[in-house]
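Asker: Hey, dropping query_4.txt in here, compact mmCIF, C-alpha atoms:
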```txt
# COMPACT_ATOMS: atom_id res chain seq x y z
CA MET A 1 -16.25 20.22 5.10
CA GLU A 2 -13.02 18.64 6.29
CA LEU A 3 -12.60 15.83 8.75
CA HIS A 4 -12.36 17.19 12.29
CA ASP A 5 -13.25 16.04 15.77
CA LEU A 6 -16.99 15.82 16.16
CA ILE A 7 -19.37 16.09 19.08
CA LEU A 8 -22.90 14.89 18.39
CA THR A 9 -25.40 16.14 20.97
CA GLU A 10 -28.39 14.00 21.91
CA GLU A 11 -30.52 16.29 19.73
CA ASP A 12 -28.16 15.84 16.72
CA ALA A 13 -28.17 12.08 17.19
CA THR A 14 -31.97 11.96 17.48
CA ILE A 15 -32.45 13.95 14.27
CA ILE A 16 -29.95 11.79 12.38
CA ASP A 17 -31.63 8.64 13.72
CA GLN A 18 -34.97 9.92 12.42
CA TYR A 19 -33.50 10.44 8.93
CA LEU A 20 -32.04 6.94 8.97
CA ILE A 21 -35.32 5.41 10.20
CA ARG A 22 -37.21 7.13 7.41
CA PHE A 23 -34.61 5.97 4.87
CA VAL A 24 -34.79 2.34 6.02
CA GLU A 25 -38.59 2.35 6.14
CA ASP A 26 -39.02 4.07 2.77
CA THR A 27 -36.57 1.86 0.90
CA GLY A 28 -36.67 -1.50 2.68
CA VAL A 29 -32.90 -1.71 3.13
CA ARG A 30 -31.76 -4.04 5.89
CA ILE A 31 -29.23 -1.72 7.52
CA ALA A 32 -28.19 1.90 7.08
CA LEU A 33 -24.91 3.05 8.59
CA LEU A 34 -23.65 6.61 8.76
CA MET A 35 -19.88 6.82 9.23
CA GLY A 36 -16.97 9.24 9.10
CA ARG A 37 -14.38 8.89 6.34
CA ASP A 38 -12.01 7.75 9.10
CA GLY A 39 -14.15 4.64 9.62
CA HIS A 40 -16.00 5.63 12.79
CA LEU A 41 -19.64 4.62 12.99
CA LEU A 42 -21.83 7.62 13.85
CA ALA A 43 -25.34 6.19 13.58
CA LYS A 44 -27.09 3.03 12.49
CA TYR A 45 -30.60 1.78 11.94
CA GLY A 46 -32.08 -1.48 10.74
CA ASP A 47 -31.64 -5.15 11.44
CA ALA A 48 -27.99 -5.24 12.50
CA ARG A 49 -28.21 -8.73 14.05
CA GLY A 50 -25.20 -10.73 13.00
CA ALA A 51 -23.70 -7.79 11.12
CA ASP A 52 -20.22 -6.67 12.13
CA THR A 53 -20.96 -2.98 11.76
CA GLU A 54 -17.48 -1.83 12.79
CA SER A 55 -15.81 -3.92 10.10
CA LEU A 56 -18.44 -2.81 7.59
CA CYS A 57 -17.44 0.79 8.29
CA ALA A 58 -13.69 0.19 8.07
CA LEU A 59 -14.01 -1.71 4.79
CA SER A 60 -16.48 0.76 3.27
CA VAL A 61 -14.08 3.61 3.88
CA GLY A 62 -11.28 1.64 2.21
CA ALA A 63 -13.45 0.68 -0.75
CA PHE A 64 -14.62 4.24 -1.20
CA ALA A 65 -11.09 5.61 -1.11
CA SER A 66 -10.11 3.12 -3.82
CA SER A 67 -13.04 4.30 -5.91
CA GLU A 68 -11.84 7.88 -5.57
CA ALA A 69 -8.42 6.94 -6.89
CA LEU A 70 -10.14 5.09 -9.75
CA ALA A 71 -12.25 8.16 -10.46
CA ARG A 72 -9.16 10.32 -10.82
CA LEU A 73 -7.63 7.80 -13.23
CA ALA A 74 -10.87 7.93 -15.20
CA GLY A 75 -10.67 11.72 -15.36
CA GLU A 76 -13.34 12.34 -12.73
CA GLU A 77 -12.79 14.30 -9.55
CA LYS A 78 -14.67 11.67 -7.54
CA PHE A 79 -17.46 9.11 -7.70
CA SER A 80 -20.34 10.07 -5.46
CA SER A 81 -21.35 6.47 -4.80
CA ILE A 82 -20.31 2.85 -5.29
CA TYR A 83 -22.46 -0.23 -5.63
CA HIS A 84 -21.49 -3.83 -4.90
CA GLN A 85 -23.91 -6.35 -6.32
CA GLY A 86 -24.13 -9.83 -4.83
CA VAL A 87 -26.44 -12.78 -5.39
CA ARG A 88 -28.63 -12.13 -2.34
CA SER A 89 -27.17 -9.03 -0.70
CA HIS A 90 -26.03 -5.76 -2.15
CA VAL A 91 -24.15 -2.81 -0.73
CA PHE A 92 -24.57 0.80 -1.79
CA ILE A 93 -22.20 3.40 -0.37
CA SER A 94 -22.71 7.09 -1.03
CA LEU A 95 -20.99 10.28 -0.02
CA VAL A 96 -22.56 12.51 2.61
CA GLY A 97 -20.86 15.85 2.12
CA ASP A 98 -17.15 15.28 1.65
CA SER A 99 -16.34 13.69 4.99
CA TYR A 100 -19.04 11.12 5.68
CA LEU A 101 -20.48 8.01 4.05
CA LEU A 102 -23.87 6.33 4.11
CA LEU A 103 -23.84 2.55 3.69
CA SER A 104 -26.99 0.66 2.74
CA LEU A 105 -27.03 -3.12 2.98
CA PHE A 106 -30.06 -4.62 1.28
CA ASP A 107 -31.57 -7.67 -0.44
CA TYR A 108 -34.49 -8.39 -2.81
CA ASN A 109 -36.83 -6.37 -0.55
CA ALA A 110 -35.32 -3.11 -1.77
CA SER A 111 -35.04 -1.63 -5.24
CA PRO A 112 -31.56 -0.31 -6.14
CA PRO A 113 -32.82 2.84 -7.95
CA LEU A 114 -34.98 3.75 -4.97
CA VAL A 115 -32.09 3.15 -2.56
CA ARG A 116 -29.90 5.40 -4.71
CA LEU A 117 -32.51 8.16 -4.83
CA GLN A 118 -33.41 8.06 -1.14
CA ALA A 119 -29.75 7.83 -0.09
CA LYS A 120 -29.20 11.15 -1.82
CA VAL A 121 -32.19 12.71 -0.06
CA THR A 122 -31.01 11.33 3.29
CA ALA A 123 -27.47 12.56 2.70
CA GLU A 124 -28.67 16.08 1.97
CA ALA A 125 -30.76 16.13 5.15
CA THR A 126 -28.05 14.59 7.31
CA ILE A 127 -25.23 16.82 6.17
CA SER A 128 -27.04 19.89 7.47
CA VAL A 129 -27.03 18.37 10.98
CA LEU A 130 -23.34 17.49 10.74
CA GLU A 131 -22.46 20.93 9.42
CA ARG A 132 -24.30 22.50 12.36
CA ALA A 133 -22.33 20.26 14.76
CA HIS A 134 -19.06 21.35 13.15
CA ALA A 135 -20.08 25.03 13.19
CA ARG A 136 -20.89 24.76 16.90
CA MET A 137 -17.43 23.34 17.54
CA ARG A 138 -15.77 26.12 15.56
CA VAL A 139 -17.56 28.68 17.75
CA ARG A 140 -16.51 26.84 20.91
CA GLY A 141 -12.93 26.50 19.71
CA MET B 142 -10.99 12.48 14.20
CA ALA B 143 -12.28 11.43 17.58
CA SER B 144 -16.06 11.55 17.78
CA ILE B 145 -18.22 11.91 20.87
CA ASN B 146 -21.84 10.80 20.75
CA TYR B 147 -23.89 12.04 23.70
CA ALA B 148 -26.88 9.90 22.72
CA THR B 149 -25.02 6.57 22.80
CA ARG B 150 -22.48 7.90 25.34
CA GLU B 151 -19.59 6.67 23.24
CA ILE B 152 -16.23 8.14 22.31
CA ASN B 153 -14.56 6.69 19.20
CA CYS B 154 -10.84 7.05 18.56
CA LYS B 155 -8.60 5.79 15.79
CA LEU B 156 -5.13 4.36 16.46
CA VAL B 157 -2.72 3.54 13.65
CA TYR B 158 0.30 1.22 13.72
CA TYR B 159 2.91 2.57 11.30
CA GLY B 160 6.37 1.33 10.33
CA PRO B 161 8.43 -0.31 7.58
CA GLY B 162 7.48 -3.56 5.84
CA LEU B 163 7.69 -6.72 7.97
CA CYS B 164 8.44 -4.79 11.18
CA GLY B 165 5.60 -6.50 13.07
CA LYS B 166 2.57 -4.20 12.81
CA THR B 167 0.18 -6.98 11.88
CA THR B 168 1.72 -9.25 14.51
CA ASN B 169 0.98 -6.57 17.13
CA LEU B 170 -2.70 -6.60 16.17
CA GLN B 171 -2.81 -10.39 16.04
CA MET B 172 -1.38 -10.57 19.57
CA ILE B 173 -3.81 -7.95 20.86
CA HIS B 174 -6.63 -9.95 19.29
CA GLN B 175 -5.30 -13.08 20.99
CA LEU B 176 -4.61 -11.53 24.40
CA LEU B 177 -7.78 -9.48 24.93
CA PRO B 178 -10.93 -11.22 26.18
CA ILE B 179 -13.65 -11.64 23.54
CA GLY B 180 -15.97 -9.08 25.15
CA LYS B 181 -13.28 -6.40 24.87
CA ARG B 182 -12.47 -6.80 21.20
CA GLY B 183 -14.22 -7.47 17.92
CA ASP B 184 -13.12 -9.58 14.99
CA MET B 185 -9.89 -8.73 13.21
CA VAL B 186 -10.10 -7.92 9.53
CA SER B 187 -6.96 -8.36 7.41
CA LEU B 188 -6.71 -7.38 3.77
CA ALA B 189 -3.54 -9.22 2.81
CA THR B 190 -1.87 -10.54 -0.32
CA PRO B 191 -1.69 -14.32 -0.82
CA GLY B 192 1.81 -14.06 0.68
CA GLU B 193 0.37 -12.66 3.94
CA ARG B 194 1.72 -9.16 3.31
CA THR B 195 -0.68 -6.39 4.25
CA LEU B 196 -2.29 -5.11 1.07
CA TYR B 197 -4.67 -2.52 2.41
CA PHE B 198 -4.86 -2.54 6.20
CA ASP B 199 -5.61 -4.68 9.22
CA PHE B 200 -8.44 -3.57 11.45
CA LEU B 201 -9.32 -4.50 15.01
CA PRO B 202 -11.95 -2.75 17.15
CA ILE B 203 -11.41 -2.82 20.92
CA GLU B 204 -13.20 -1.35 23.90
CA ALA B 205 -11.61 0.33 26.90
CA ALA B 206 -13.03 1.04 30.35
CA GLU B 207 -15.66 3.74 30.81
CA VAL B 208 -14.55 7.29 31.49
CA ASN B 209 -17.07 9.68 33.08
CA GLY B 210 -19.94 7.44 31.94
CA PHE B 211 -18.71 7.28 28.34
CA LYS B 212 -17.68 4.03 26.69
CA ILE B 213 -14.35 4.47 24.91
CA LYS B 214 -13.93 2.56 21.68
CA PHE B 215 -10.65 2.31 19.79
CA SER B 216 -10.32 1.29 16.16
CA LEU B 217 -6.86 -0.16 15.58
CA TYR B 218 -5.42 -0.06 12.07
CA THR B 219 -2.12 -1.05 10.52
CA VAL B 220 -0.75 0.41 7.31
CA PRO B 221 0.88 -1.64 4.55
CA GLY B 222 4.61 -1.20 5.07
CA GLN B 223 5.79 -1.80 1.52
CA VAL B 224 7.11 1.39 -0.04
CA TYR B 225 4.83 1.42 -3.10
CA TYR B 226 1.58 1.38 -1.06
CA ASN B 227 1.89 4.98 0.03
CA ALA B 228 -1.55 6.03 -1.19
CA THR B 229 -3.06 3.43 1.13
CA ARG B 230 -0.92 4.53 4.07
CA LYS B 231 -2.11 8.07 3.57
CA LEU B 232 -5.72 6.92 3.51
CA VAL B 233 -5.39 4.92 6.73
CA LEU B 234 -3.88 7.94 8.49
CA ARG B 235 -6.98 9.98 7.79
CA GLY B 236 -8.52 11.08 11.10
CA VAL B 237 -5.85 9.39 13.23
CA ASP B 238 -5.99 10.11 16.98
CA GLY B 239 -2.90 8.20 18.12
CA LEU B 240 0.11 6.45 16.58
CA VAL B 241 2.41 3.54 17.30
CA PHE B 242 5.56 3.60 15.21
CA VAL B 243 6.87 0.03 15.12
CA ALA B 244 10.59 0.00 14.35
CA ASP B 245 12.47 -3.12 13.33
CA SER B 246 15.46 -3.45 15.67
CA GLN B 247 17.61 -5.44 13.23
CA TRP B 248 20.82 -3.62 12.25
CA ASP B 249 20.18 -4.17 8.54
CA LEU B 250 16.89 -2.33 8.64
CA MET B 251 17.87 1.04 10.06
CA GLU B 252 17.49 2.77 6.70
CA GLU B 253 13.99 1.34 6.25
CA ASN B 254 13.03 2.56 9.73
CA LEU B 255 14.27 6.03 8.97
CA GLU B 256 12.55 6.16 5.60
CA SER B 257 9.28 5.01 7.13
CA MET B 258 9.49 7.68 9.86
CA LYS B 259 10.10 10.35 7.22
CA ASN B 260 7.22 8.97 5.20
CA LEU B 261 4.97 9.19 8.27
CA GLU B 262 5.92 12.83 8.80
CA GLU B 263 5.28 13.64 5.14
CA ASN B 264 1.92 11.89 5.08
CA LEU B 265 0.78 13.56 8.29
CA ALA B 266 1.86 16.91 6.89
CA GLU B 267 -0.54 16.38 3.99
CA TYR B 268 -3.35 16.40 6.59
CA ASN B 269 -1.73 19.47 8.24
CA VAL B 270 -0.79 17.36 11.24
CA GLN B 271 2.63 17.33 12.92
CA PRO B 272 3.70 14.12 14.71
CA GLU B 273 3.77 16.05 18.00
CA ASP B 274 0.09 16.97 17.50
CA ARG B 275 -0.92 13.36 18.04
CA PRO B 276 -0.02 11.02 20.90
CA MET B 277 2.66 8.66 19.65
CA ILE B 278 4.57 5.69 21.06
CA LEU B 279 7.72 4.21 19.58
CA GLN B 280 7.98 0.46 19.76
CA TYR B 281 11.38 -1.15 19.17
CA ASN B 282 10.34 -4.58 18.00
CA LYS B 283 12.15 -7.90 17.52
CA ARG B 284 14.30 -7.42 20.62
CA ASP B 285 14.51 -11.23 20.88
CA LEU B 286 16.68 -11.46 17.74
CA ASP B 287 20.49 -11.55 17.81
CA ASP B 288 21.66 -8.96 15.33
CA ILE B 289 19.89 -5.90 16.71
CA ALA B 290 20.82 -2.29 17.27
CA PRO B 291 21.08 -1.06 20.86
CA VAL B 292 18.22 1.07 22.13
CA TRP B 293 20.41 4.18 22.46
CA TYR B 294 21.13 4.00 18.73
CA LEU B 295 17.45 3.60 17.82
CA GLU B 296 16.68 6.52 20.10
CA TYR B 297 19.30 8.65 18.34
CA LEU B 298 18.00 7.62 14.93
CA LEU B 299 14.25 7.80 15.39
CA ASN B 300 13.36 9.60 18.59
CA ALA B 301 15.80 12.49 18.86
CA THR B 302 13.29 15.03 17.55
CA HIS B 303 10.09 13.43 18.81
CA GLY B 304 11.07 12.43 22.36
CA VAL B 305 8.05 10.14 22.72
CA PRO B 306 7.68 7.16 25.11
CA VAL B 307 9.40 3.98 24.01
CA TYR B 308 8.71 0.27 24.51
CA GLU B 309 10.92 -2.65 23.65
CA SER B 310 8.97 -5.56 22.29
CA SER B 311 8.93 -8.97 20.76
CA ALA B 312 5.52 -8.95 19.15
CA LEU B 313 5.70 -12.61 18.17
CA ASP B 314 5.55 -13.73 21.81
CA GLY B 315 3.50 -10.72 22.97
CA THR B 316 6.26 -9.00 24.96
CA GLY B 317 5.61 -5.26 25.12
CA VAL B 318 2.52 -5.40 22.91
CA LEU B 319 -0.14 -4.62 25.52
CA ASP B 320 2.17 -2.18 27.35
CA THR B 321 2.48 -0.17 24.13
CA LEU B 322 -1.27 -0.23 23.52
CA ASN B 323 -2.18 0.65 27.11
CA HIS B 324 0.16 3.61 27.14
CA LEU B 325 -1.19 4.96 23.86
CA CYS B 326 -4.82 4.49 24.93
CA ARG B 327 -4.19 6.39 28.16
CA PHE B 328 -2.44 9.12 26.17
CA VAL B 329 -5.32 9.48 23.72
CA ILE B 330 -8.05 9.42 26.38
CA ARG B 331 -6.21 12.05 28.40
CA ARG B 332 -5.95 14.25 25.30
CA VAL B 333 -9.65 13.92 24.47
CA VAL B 334 -10.72 14.58 28.08
CA HIS B 335 -8.43 17.62 28.22
CA GLN B 336 -9.83 18.94 24.93
CA VAL B 337 -13.42 18.51 26.11
CA GLU B 338 -12.69 20.16 29.48
CA THR B 339 -10.94 23.10 27.88
CA GLY B 340 -13.45 23.46 25.04
CA THR B 341 -10.77 22.86 22.40
CA PHE B 342 -12.18 19.54 21.12
```
I'd like the structure from this file rewritten - as structure tokens, please.
Answerer:
Amino acid sequence: MELHDLILTEEDATIIDQYLIRFVEDTGVRIALLMGRDGHLLAKYGDARGADTESLCALSVGAFASSEALARLAGEEKFSSIYHQGVRSHVFISLVGDSYLLLSLFDYNASPPLVRLQAKVTAEATISVLERAHARMRVRG
Amino acid sequence: MASINYATREINCKLVYYGPGLCGKTTNLQMIHQLLPIGKRGDMVSLATPGERTLYFDFLPIEAAEVNGFKIKFSLYTVPGQVYYNATRKLVLRGVDGLVFVADSQWDLMEENLESMKNLEENLAEYNVQPEDRPMILQYNKRDLDDIAPVWYLEYLLNATHGVPVYESSALDGTGVLDTLNHLCRFVIRRVVHQVETGTF
């Protein structure tokens, strides 16, 4: 799926929100952000107080693009996720389809393997909603 | 890639400032950050080298007035101007909804301006986008300096094929910075509204 204009209906947004809520509640991550590869925030859930979500999106997209270039140098087509480990906070960014990213910001309350596993499950569920939104636009266009 | 979210009633658009190294792209964003009230803009993020040259991009989120009950949000990006950062420039262009090409008016830098414009066209082409497919403004910057090319020459050099609106500026003191941004924002909003109304979004 390539990057095109996107219209999310209220129903799309509600379904995506439900996936993000489940992801946050199941894993204990502090914030989950769904964004386009162009840096636009599409949906968020969690404790976003004090978090600059727009900058998080812009920087995640940049970091992920760097990782893709690294992947090619390493002989891989792409890396499906990247992980930044801090002392108290960690960031996990994973691909949702080819055109979207899911960012998870978490601390000691969440287990990295569980975040990784559930991020994949959430991505698979979410991409079907985004693909439907794109298909609807193709029909309209 | 503009996105419309009917649940949050938000429209998100991406604007990119393009141009040769040291032409004033970052200065444009710094002035916008300085001139807009806090409630209308977020924090500016700059990924720069120790020598203050843009390494990756600068980023500044701003908010425009509401249109038909939708809040319009613009994400402003600059690209690194230095020739060898082309992979990064290409990345920043991904999903662009509107462009400002910042040209350096100094006589000595005409070749760099031209190369950067060609580079923009090539990079857009890789996304199957022609410059005329996206709203674009040309900004002739550094008009306060002495050794500068006249506007007619810059027009001949950079705008003969595009024919886009032009602003003269001196980004360091803010002259022309908000005029450029306002014009581009209006352009982009009009395009999105038109696409939604005609079902071509």
Asker: List as a compact mmCIF listing (two decimals) with C-alpha atoms, keeping the file's coordinate frame: which residues have an atom within 12 Å of (-35.8, 5.5, 13.5), counting all atoms listed in the file?
Answerer:
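Output (selection.txt):
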```txt
# COMPACT_ATOMS: atom_id res chain seq x y z
CA ALA A 13 -28.17 12.08 17.19
CA THR A 14 -31.97 11.96 17.48
CA ILE A 15 -32.45 13.95 14.27
CA ILE A 16 -29.95 11.79 12.38
CA ASP A 17 -31.63 8.64 13.72
CA GLN A 18 -34.97 9.92 12.42
CA TYR A 19 -33.50 10.44 8.93
CA LEU A 20 -32.04 6.94 8.97
CA ILE A 21 -35.32 5.41 10.20
CA ARG A 22 -37.21 7.13 7.41
CA PHE A 23 -34.61 5.97 4.87
CA VAL A 24 -34.79 2.34 6.02
CA GLU A 25 -38.59 2.35 6.14
CA ASP A 26 -39.02 4.07 2.77
CA ILE A 31 -29.23 -1.72 7.52
CA ALA A 32 -28.19 1.90 7.08
CA ALA A 43 -25.34 6.19 13.58
CA LYS A 44 -27.09 3.03 12.49
CA TYR A 45 -30.60 1.78 11.94
CA GLY A 46 -32.08 -1.48 10.74
CA ASP A 47 -31.64 -5.15 11.44
```
Asker: Find, counting all atoms listed in the file, the residue in B:Gly192, B:Pro276, B:Pro306, B:Pro291 that gets nearest to Val329 in chain B.
Answerer: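 Comparing B:Gly192, B:Pro276, B:Pro306, B:Pro291 against Val329 in chain B, the winner is B:Pro276.
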Asker: Identify every residue of chain B that has at least one atom within 8 Å of any atom of chain A, counting all atoms listed in the file, and report the result as a list in words.
Answerer: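 Per the criterion, chain B yields Met142, Ala143, Ser144, Ile145, Asn146, Tyr147, Ala148, Asn153, Cys154, Lys155, Asp184, Val186, Tyr197, Phe200, Pro202, Ser216, Leu232, Val233, Arg235, Gly236, Val237, Gly340, Thr341 and Phe342 of chain B.
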Asker: Please, what distance in Å, to one decimal, runs between CA of Cys164 in chain B and CA of Arg331 in chain B?
Answerer: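 Calculated distance between CA of Cys164 in chain B and CA of Arg331 in chain B is 28.2 Å.
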Asker: Separation of CA of Val129 in chain A and CA of Gly239 in chain B, in Å?
Answerer: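 These atoms are spaced 27.1 Å apart.
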Asker: Pick out the residues sitting within 10 Å of Pro161 in chain B, and hand them over as a VMD selection string; count all atoms listed in the file, and ignore anything fewer than 6 positions along from it in its own chain.
Answerer: chain B and resid 220 to 224 242 to 245 250 to 258 260
